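Everything below belongs to coords_21.txt, which stores compact mmCIF, C-alpha atoms.
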```txt
# COMPACT_ATOMS: atom_id res chain seq x y z
CA MET A 1 71.08 9.34 -1.48
CA ARG A 2 69.78 6.86 -4.00
CA ALA A 3 66.99 5.82 -1.62
CA ALA A 4 65.88 9.42 -1.23
CA HIS A 5 65.89 9.84 -4.96
CA PHE A 6 63.78 6.71 -5.37
CA LEU A 7 61.28 7.94 -2.79
CA GLN A 8 60.95 11.28 -4.48
CA ASP A 9 60.39 9.56 -7.78
CA ALA A 10 57.75 7.29 -6.27
CA ARG A 11 56.00 10.23 -4.70
CA ARG A 12 55.94 12.03 -8.01
CA ARG A 13 54.62 8.97 -9.77
CA PHE A 14 52.05 7.74 -7.25
CA GLY A 15 51.36 10.96 -5.39
CA LEU A 16 48.25 11.84 -7.33
CA HIS A 17 46.68 8.41 -6.96
CA ALA A 18 47.54 8.26 -3.30
CA ARG A 19 46.00 11.65 -2.73
CA ILE A 20 42.81 10.68 -4.56
CA LEU A 21 42.59 7.48 -2.55
CA LEU A 22 43.13 9.39 0.66
CA ALA A 23 40.43 11.90 -0.29
CA LEU A 24 37.98 9.06 -1.04
CA ALA A 25 38.78 7.37 2.25
CA VAL A 26 38.13 10.60 4.14
CA LEU A 27 34.88 11.16 2.24
CA GLY A 28 33.79 7.60 2.92
CA ALA A 29 34.43 8.02 6.61
CA ALA A 30 32.53 11.30 6.67
CA VAL A 31 29.36 9.86 5.08
CA PRO A 32 27.31 8.19 7.81
CA ALA A 33 26.61 4.55 7.11
CA ALA A 34 22.97 4.59 5.94
CA ARG A 35 21.63 5.99 9.20
CA ALA A 36 19.04 8.63 8.62
CA VAL A 37 17.88 9.09 12.20
CA GLU A 38 19.02 12.62 12.95
CA PRO A 39 20.38 13.62 16.35
CA ASN A 40 17.55 16.08 17.03
CA GLU A 41 14.98 13.31 16.46
CA ARG A 42 16.41 11.03 19.11
CA LEU A 43 14.65 10.61 22.41
CA ALA A 44 16.53 11.33 25.61
CA ASN A 45 15.31 8.08 27.14
CA PRO A 46 17.53 5.35 25.65
CA ALA A 47 14.98 2.59 26.28
CA LEU A 48 12.25 4.49 24.39
CA GLU A 49 14.69 5.36 21.64
CA ALA A 50 15.67 1.70 21.30
CA ARG A 51 11.99 0.75 20.97
CA ALA A 52 11.49 3.47 18.37
CA ARG A 53 14.48 2.18 16.38
CA ALA A 54 13.25 -1.41 16.60
CA ILE A 55 9.80 -0.40 15.32
CA SER A 56 11.02 1.88 12.58
CA VAL A 57 13.20 -0.74 10.87
CA ASN A 58 9.93 -2.56 10.10
CA LEU A 59 8.09 0.44 8.67
CA ARG A 60 8.21 1.35 5.02
CA CYS A 61 8.93 4.86 3.81
CA LEU A 62 6.05 5.36 1.37
CA VAL A 63 7.94 7.84 -0.77
CA CYS A 64 10.88 5.56 -1.52
CA GLN A 65 8.76 2.41 -1.05
CA ASN A 66 11.61 0.01 -0.42
CA GLU A 67 13.50 1.76 2.34
CA THR A 68 12.64 1.67 6.00
CA ILE A 69 11.78 4.92 7.69
CA ASP A 70 14.83 4.26 9.83
CA GLU A 71 17.11 4.58 6.79
CA SER A 72 15.31 7.01 4.55
CA ASN A 73 16.19 10.66 4.23
CA ALA A 74 12.77 11.55 2.81
CA GLY A 75 10.76 14.22 4.58
CA LEU A 76 7.90 11.79 5.15
CA ALA A 77 10.24 9.30 6.83
CA HIS A 78 11.39 12.08 9.16
CA ASP A 79 7.77 12.97 9.98
CA LEU A 80 6.94 9.34 10.70
CA ARG A 81 10.01 8.91 12.92
CA VAL A 82 8.99 11.98 14.92
CA PHE A 83 5.35 10.87 15.05
CA LEU A 84 6.36 7.40 16.24
CA ARG A 85 8.50 8.87 19.02
CA GLN A 86 5.71 11.21 20.07
CA ARG A 87 3.37 8.25 20.39
CA LEU A 88 5.90 6.29 22.47
CA LEU A 89 6.49 9.31 24.71
CA ALA A 90 2.73 9.60 25.16
CA GLY A 91 2.73 6.06 26.55
CA ASP A 92 1.68 3.95 23.55
CA THR A 93 2.74 0.32 23.49
CA ASP A 94 4.72 -0.77 20.43
CA SER A 95 1.67 -2.29 18.77
CA GLN A 96 -0.49 0.77 19.51
CA ALA A 97 2.10 3.05 17.94
CA VAL A 98 2.37 0.81 14.86
CA GLN A 99 -1.42 0.62 14.61
CA ALA A 100 -1.67 4.42 14.70
CA ILE A 101 0.59 4.56 11.63
CA VAL A 102 -1.21 1.68 9.88
CA ASN A 103 -4.54 3.48 10.44
CA ARG A 104 -3.20 6.44 8.49
CA TYR A 105 -1.07 4.80 5.83
CA GLY A 106 -2.50 1.29 5.48
CA ASP A 107 -0.92 -2.16 5.74
CA PHE A 108 1.53 -1.27 2.97
CA VAL A 109 3.52 0.72 5.53
CA LEU A 110 4.47 -2.59 7.17
CA LEU A 111 7.51 -4.12 5.49
CA LYS A 112 6.38 -7.56 6.64
CA PRO A 113 2.82 -8.12 5.43
CA PRO A 114 0.43 -9.31 8.15
CA VAL A 115 -1.22 -12.74 7.79
CA MET A 116 -4.85 -12.04 6.87
CA PRO A 117 -7.30 -13.39 4.26
CA ALA A 118 -6.00 -11.01 1.57
CA THR A 119 -2.43 -12.24 2.08
CA TYR A 120 -3.11 -15.98 2.50
CA ILE A 121 -1.96 -16.62 -1.08
CA LEU A 122 1.22 -14.68 -0.44
CA TRP A 123 2.03 -16.57 2.74
CA PHE A 124 0.82 -20.07 1.94
CA ALA A 125 1.16 -20.47 -1.85
CA PRO A 126 4.86 -21.47 -1.65
CA PHE A 127 4.03 -24.27 0.79
CA GLY A 128 1.03 -25.29 -1.32
CA LEU A 129 3.18 -25.43 -4.46
CA ALA A 130 5.84 -27.43 -2.62
CA LEU A 131 3.16 -29.89 -1.47
CA CYS A 132 1.88 -30.23 -5.05
CA GLY A 133 5.44 -30.91 -6.19
CA VAL A 134 5.98 -33.58 -3.54
CA ALA A 135 2.63 -35.20 -4.38
CA GLY A 136 3.55 -35.21 -8.09
CA LEU A 137 6.92 -36.73 -7.30
CA VAL A 138 5.36 -39.48 -5.16
CA VAL A 139 2.87 -40.39 -7.92
CA TRP A 140 5.64 -40.42 -10.54
CA LEU A 141 7.96 -42.59 -8.42
CA ARG A 142 5.16 -45.06 -7.68
CA ARG A 143 4.33 -45.39 -11.35
CA SER A 144 7.91 -45.92 -12.43
CA ASN A 145 8.32 -48.54 -9.68
CA ALA A 146 5.14 -50.30 -10.76
CA ALA A 147 6.14 -50.32 -14.46
CA PRO A 148 8.97 -52.93 -14.29
CA ASP A 149 6.61 -55.38 -12.55
CA ALA A 150 4.08 -54.95 -15.32
CA ASP A 151 6.78 -55.56 -17.94
CA ALA A 152 7.99 -58.66 -16.11
CA ALA A 153 4.47 -60.10 -15.92
CA LEU A 154 4.08 -59.53 -19.66
CA LEU A 155 7.39 -61.24 -20.44
CA ALA A 156 6.56 -64.29 -18.30
CA LYS A 157 3.39 -64.90 -20.30
CA PRO A 158 3.88 -67.14 -23.35
CA LEU A 159 2.96 -65.71 -26.77
CA ASN A 160 -0.47 -66.61 -28.06
CA ALA A 161 -1.04 -67.90 -31.59
CA SER A 162 -1.49 -64.55 -33.40
CA GLU A 163 1.53 -63.03 -31.63
CA GLN A 164 3.62 -66.04 -32.63
CA LYS A 165 2.53 -65.64 -36.25
CA ARG A 166 3.39 -61.93 -36.28
CA LEU A 167 6.79 -62.67 -34.78
CA GLU A 168 7.51 -65.16 -37.53
CA THR A 169 6.57 -62.73 -40.32
CA LEU A 170 8.75 -60.01 -38.77
CA LEU A 171 11.71 -62.37 -38.50
CA LYS A 172 11.19 -63.49 -42.10
CA GLU A 173 11.18 -59.85 -43.30
CA SER A 174 14.46 -59.12 -41.54
CA ASP A 175 16.12 -62.05 -43.29
CA HIS A 176 16.17 -60.17 -46.58
CA MET B 177 -8.57 -39.04 -20.63
CA THR B 178 -6.96 -37.97 -17.36
CA ARG B 179 -3.60 -37.96 -19.09
CA ARG B 180 -4.87 -35.50 -21.71
CA ALA B 181 -6.16 -33.27 -18.90
CA LEU B 182 -2.67 -33.40 -17.38
CA TYR B 183 -1.13 -32.24 -20.65
CA MET B 184 -3.44 -29.21 -20.55
CA LEU B 185 -2.10 -28.20 -17.14
CA PRO B 186 0.81 -26.05 -18.40
CA VAL B 187 -1.54 -24.27 -20.79
CA VAL B 188 -3.98 -23.57 -17.98
CA LEU B 189 -1.17 -22.35 -15.72
CA PHE B 190 0.11 -20.10 -18.49
CA LEU B 191 -3.35 -18.64 -19.07
CA VAL B 192 -3.83 -17.96 -15.35
CA LEU B 193 -0.46 -16.20 -15.11
CA ALA B 194 -1.01 -14.28 -18.35
CA GLY B 195 -4.38 -13.15 -17.06
CA TYR B 196 -2.87 -11.98 -13.81
CA PHE B 197 -0.07 -10.08 -15.55
CA ALA B 198 -2.52 -8.46 -17.96
CA TYR B 199 -4.58 -7.34 -14.98
CA ALA B 200 -1.58 -5.98 -13.09
CA LEU B 201 -0.23 -4.17 -16.16
CA ARG B 202 -3.57 -2.79 -17.34
CA PRO B 203 -3.33 0.69 -18.85
CA ASN B 204 -4.02 3.78 -16.71
CA HIS B 205 -2.94 1.86 -13.65
CA ASP B 206 0.01 3.08 -11.63
CA PRO B 207 1.32 0.23 -9.47
CA HIS B 208 3.04 2.74 -7.19
CA GLU B 209 -0.22 4.44 -6.33
CA LEU B 210 -1.39 3.32 -2.92
CA PRO B 211 -4.99 2.90 -1.87
CA SER B 212 -5.80 5.17 1.03
CA ALA B 213 -6.32 3.49 4.38
CA MET B 214 -8.73 6.28 5.25
CA ILE B 215 -11.43 5.59 2.66
CA ASP B 216 -14.92 5.62 4.22
CA LYS B 217 -13.45 6.58 7.56
CA GLU B 218 -14.10 9.85 9.28
CA ALA B 219 -11.62 12.51 8.25
CA PRO B 220 -9.15 13.29 11.04
CA ALA B 221 -10.10 16.32 13.11
CA PHE B 222 -8.13 19.47 12.33
CA ILE B 223 -8.28 23.17 13.01
CA LEU B 224 -5.88 25.15 10.88
CA PRO B 225 -5.06 28.84 10.78
CA GLY B 226 -5.96 30.45 7.48
CA LEU B 227 -3.72 31.73 4.74
CA ASN B 228 -4.84 35.24 3.73
CA GLY B 229 -8.22 34.75 5.35
CA ASP B 230 -10.22 32.51 7.61
CA GLY B 231 -8.87 29.13 8.66
CA ILE B 232 -10.56 25.79 8.15
CA SER B 233 -11.55 22.94 10.41
CA ARG B 234 -13.04 19.52 9.74
CA ASP B 235 -16.17 20.22 11.71
CA GLY B 236 -16.57 23.62 10.09
CA LEU B 237 -16.61 21.96 6.66
CA LYS B 238 -19.28 19.39 7.59
CA GLY B 239 -22.74 19.78 6.13
CA SER B 240 -21.92 19.59 2.43
CA PRO B 241 -19.39 17.59 0.42
CA VAL B 242 -16.04 19.28 -0.06
CA VAL B 243 -12.83 18.68 -1.95
CA ILE B 244 -9.60 19.24 -0.05
CA ASN B 245 -6.36 19.65 -1.96
CA PHE B 246 -3.00 19.34 -0.21
CA PHE B 247 -0.48 21.55 -1.99
CA ALA B 248 2.76 23.40 -1.37
CA SER B 249 4.69 26.16 -3.08
CA TRP B 250 7.78 23.93 -3.22
CA CYS B 251 5.93 21.21 -5.08
CA VAL B 252 6.38 21.27 -8.85
CA PRO B 253 3.46 18.94 -9.76
CA CYS B 254 1.20 21.28 -7.75
CA ARG B 255 2.01 24.10 -10.19
CA GLU B 256 1.20 21.71 -13.00
CA GLU B 257 -2.14 20.98 -11.37
CA GLU B 258 -3.02 24.63 -10.76
CA PRO B 259 -4.84 25.29 -14.10
CA MET B 260 -7.04 22.22 -13.50
CA LEU B 261 -7.95 23.44 -10.02
CA MET B 262 -8.74 26.91 -11.38
CA ARG B 263 -11.02 25.33 -13.97
CA LEU B 264 -12.77 23.21 -11.33
CA ALA B 265 -13.37 26.26 -9.15
CA ASP B 266 -14.41 28.66 -11.90
CA ARG B 267 -16.32 26.44 -14.31
CA GLU B 268 -17.54 23.52 -12.23
CA HIS B 269 -17.96 25.52 -9.01
CA ILE B 270 -16.42 22.71 -6.99
CA PRO B 271 -16.26 23.48 -3.24
CA LEU B 272 -12.47 23.40 -3.22
CA TYR B 273 -10.45 23.97 -0.06
CA GLY B 274 -6.69 24.00 0.18
CA ILE B 275 -4.26 22.81 2.81
CA ASP B 276 -0.83 24.36 2.44
CA TYR B 277 1.42 21.48 3.44
CA LYS B 278 4.79 22.12 5.17
CA ASP B 279 5.19 25.49 3.59
CA HIS B 280 6.04 29.10 4.35
CA PRO B 281 2.95 31.35 4.12
CA GLU B 282 4.83 34.00 2.10
CA ASP B 283 5.87 31.43 -0.51
CA ALA B 284 2.34 30.06 -0.78
CA SER B 285 0.92 33.58 -1.14
CA ARG B 286 3.39 34.29 -3.92
CA LEU B 287 2.38 31.08 -5.72
CA LEU B 288 -1.31 31.95 -5.51
CA ALA B 289 -0.65 35.51 -6.66
CA GLU B 290 1.14 34.13 -9.68
CA PHE B 291 -1.25 31.32 -10.68
CA GLY B 292 -4.53 32.47 -9.13
CA ASN B 293 -6.31 31.09 -6.10
CA PRO B 294 -8.79 28.28 -6.78
CA PHE B 295 -9.56 27.71 -3.09
CA ARG B 296 -12.49 29.02 -1.09
CA ARG B 297 -10.31 28.95 1.99
CA ILE B 298 -6.83 27.69 2.79
CA GLY B 299 -5.46 26.19 5.99
CA GLN B 300 -1.79 26.25 6.89
CA ASP B 301 -0.38 22.89 7.93
CA VAL B 302 3.09 24.19 8.71
CA ASP B 303 4.47 21.08 10.46
CA GLY B 304 2.62 18.61 8.21
CA SER B 305 0.79 16.94 11.11
CA VAL B 306 -2.64 17.22 9.46
CA GLY B 307 -1.18 15.73 6.30
CA LEU B 308 0.24 12.87 8.37
CA ASN B 309 -3.15 12.23 9.97
CA PHE B 310 -4.72 12.10 6.50
CA GLY B 311 -2.04 9.67 5.32
CA VAL B 312 -0.60 12.11 2.80
CA TYR B 313 2.62 10.72 1.37
CA GLY B 314 3.32 13.30 -1.29
CA VAL B 315 1.74 16.50 -2.55
CA PRO B 316 -0.49 17.12 -4.38
CA GLU B 317 -3.16 14.85 -2.96
CA THR B 318 -6.86 15.54 -3.28
CA TYR B 319 -9.54 14.20 -0.94
CA VAL B 320 -13.28 14.11 -1.42
CA ILE B 321 -15.14 14.38 1.89
CA ASP B 322 -18.88 13.89 2.17
CA SER B 323 -21.26 16.03 4.16
CA ALA B 324 -20.90 13.78 7.21
CA GLY B 325 -17.14 14.30 7.20
CA HIS B 326 -16.14 10.90 5.82
CA ILE B 327 -13.32 10.54 3.31
CA ARG B 328 -14.77 9.06 0.12
CA LYS B 329 -11.89 9.24 -2.33
CA ARG B 330 -8.26 10.14 -2.60
CA PHE B 331 -6.42 11.21 -5.72
CA VAL B 332 -2.63 11.01 -5.59
CA GLY B 333 -0.69 13.40 -7.79
CA PRO B 334 -2.04 16.13 -10.06
CA LEU B 335 -5.67 15.62 -11.04
CA THR B 336 -5.98 14.62 -14.66
CA ALA B 337 -8.83 15.53 -16.99
CA GLU B 338 -9.91 11.85 -17.10
CA GLN B 339 -9.98 11.58 -13.32
CA VAL B 340 -12.06 14.72 -13.07
CA LYS B 341 -14.51 13.66 -15.76
CA ASN B 342 -14.81 9.96 -14.86
CA GLU B 343 -14.39 9.98 -11.10
CA LEU B 344 -14.41 13.33 -9.32
CA LEU B 345 -17.43 14.99 -10.93
CA PRO B 346 -19.67 11.86 -10.86
CA LEU B 347 -18.73 11.25 -7.22
CA LEU B 348 -19.55 14.81 -6.21
CA LYS B 349 -22.81 14.59 -8.12
CA SER B 350 -23.76 11.41 -6.25
CA LEU B 351 -22.86 13.05 -2.95
CA GLY B 352 -25.16 15.95 -3.75
CA LYS B 353 -22.77 18.81 -4.37
CA SER B 354 -24.19 22.08 -3.17
```
Turn this file's structure into structure tokens for me.
Amino acid sequence: MRAAHFLQDARRRFGLHARILLALAVLGAAVPAARAVEPNERLANPALEARARAISVNLRCLVCQNETIDESNAGLAHDLRVFLRQRLLAGDTDSQAVQAIVNRYGDFVLLKPPVMPATYILWFAPFGLALCGVAGLVVWLRRSNAAPDADAALLAKPLNASEQKRLETLLKESDH
Amino acid sequence: MTRRALYMLPVVLFLVLAGYFAYALRPNHDPHELPSAMIDKEAPAFILPGLNGDGISRDGLKGSPVVINFFASWCVPCREEEPMLMRLADREHIPLYGIDYKDHPEDASRLLAEFGNPFRRIGQDVDGSVGLNFGVYGVPETYVIDSAGHIRKRFVGPLTAEQVKNELLPLLKSLGKS
């Protein structure tokens, strides 16, 4: 009796929250997880479809600019997905199909920029900078290793006459 | 001496970076605007059925420079661009052709009835395949094609008065507009 009463009370108190949570969970399950490839776009041949998917995760949707055409819901991404599949059906190799899209939309459509003279800085500058840093470090370490030796050589040498005189004046001054 | 040169290094690096940023952020430059991959290449072949008249084809347009504008009734910036296109057609007598991109013919006809038709002829690209072959990634886009059928220039987005004055008209003049 008391337990039933407690349950009823709990339901009254937490019912609203529970229902909201449940609704959110259902909504979350209903929204597909960032997969924009629509069923009617898919190819019947699973091997071709797998190739199309593999290619399209490396192609940029030019409307959204940082999404792949595989993920984007933009109309252009849809057109490119269909175009890509048409090319594969027509017998293109992967690189031919990609080249057909690059010919139309330029290298920017590739999410991974190709290595070519215009992108040498992009690809090699980090290594160049790292090399500069290592070179700088080596020079700096060598100098700081060489410095103690130089100091030691200086200390081993006896003072000459003028140095001795200067030392005496300095010591005399500090006596005051 | 070499040490002093070393102290200048950060200043030099700063100046190089500042120069690069100033270049990348220069005014009237939209970093999202993409250069067309089709510049100086032959325009893709197309034969399109006409909207309220004869259709257009690439080979049919060869022989004199033309301007092709991709538009659609569902595209808001295209409506914004419409007065500029009307002015180009009426005042500058630009050979302007339209390609109605992924659109319903009735909707496009309604748009043109409302705003006026600046185009000599219009082709219907219902499935957008001609747009895809041109590398269109959003309407409106405007292409200048020379008499040999090569793409010479692409404008992305509504044509502005500056673009028309500084780029489009001089280019057409150099191509020998007829």
For chain A, the nearest of the candidates B:Glu268, B:Asp303, B:Asp230, B:Asp206, counting only C-alpha atoms: B:Asp303
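Residues from chain A that have an atom within 10 Å of chain B, counting only C-alpha atoms, are Cys61, Leu62, Val63, Gln65, Gly75, Leu76, Ala77, Asp79, Leu80, Phe83, Ala100, Ile101, Val102, Asn103, Arg104, Tyr105, Gly106, Asp107 and Phe108 of chain A.
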Å distance separating CA of Val82 in chain A from CA of Tyr277 in chain B, one decimal place: 16.7 Å
Scan for residues within 10 Å of the point (-13.5, 24.7, -3.7) in the coordinates of the file, using only C-alpha atoms, and reply as a JSON list (two decimals) with C-alpha atoms, in the coordinates of the input.
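Saved the output as out35.json:
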```
[["chain", "number", "residue", "atom", "x", "y", "z"],
["B", 242, "VAL", "CA", -16.04, 19.28, -0.06],
["B", 243, "VAL", "CA", -12.83, 18.68, -1.95],
["B", 244, "ILE", "CA", -9.60, 19.24, -0.05],
["B", 245, "ASN", "CA", -6.36, 19.65, -1.96],
["B", 261, "LEU", "CA", -7.95, 23.44, -10.02],
["B", 262, "MET", "CA", -8.74, 26.91, -11.38],
["B", 264, "LEU", "CA", -12.77, 23.21, -11.33],
["B", 265, "ALA", "CA", -13.37, 26.26, -9.15],
["B", 266, "ASP", "CA", -14.41, 28.66, -11.90],
["B", 268, "GLU", "CA", -17.54, 23.52, -12.23],
["B", 269, "HIS", "CA", -17.96, 25.52, -9.01],
["B", 270, "ILE", "CA", -16.42, 22.71, -6.99],
["B", 271, "PRO", "CA", -16.26, 23.48, -3.24],
["B", 272, "LEU", "CA", -12.47, 23.40, -3.22],
["B", 273, "TYR", "CA", -10.45, 23.97, -0.06],
["B", 274, "GLY", "CA", -6.69, 24.00, 0.18],
["B", 293, "ASN", "CA", -6.31, 31.09, -6.10],
["B", 294, "PRO", "CA", -8.79, 28.28, -6.78],
["B", 295, "PHE", "CA", -9.56, 27.71, -3.09],
["B", 296, "ARG", "CA", -12.49, 29.02, -1.09],
["B", 297, "ARG", "CA", -10.31, 28.95, 1.99],
["B", 298, "ILE", "CA", -6.83, 27.69, 2.79]]
```
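When CA of Gly195 in chain B is paired with CA of Leu131 in chain A, their separation reads 24.1 Å.
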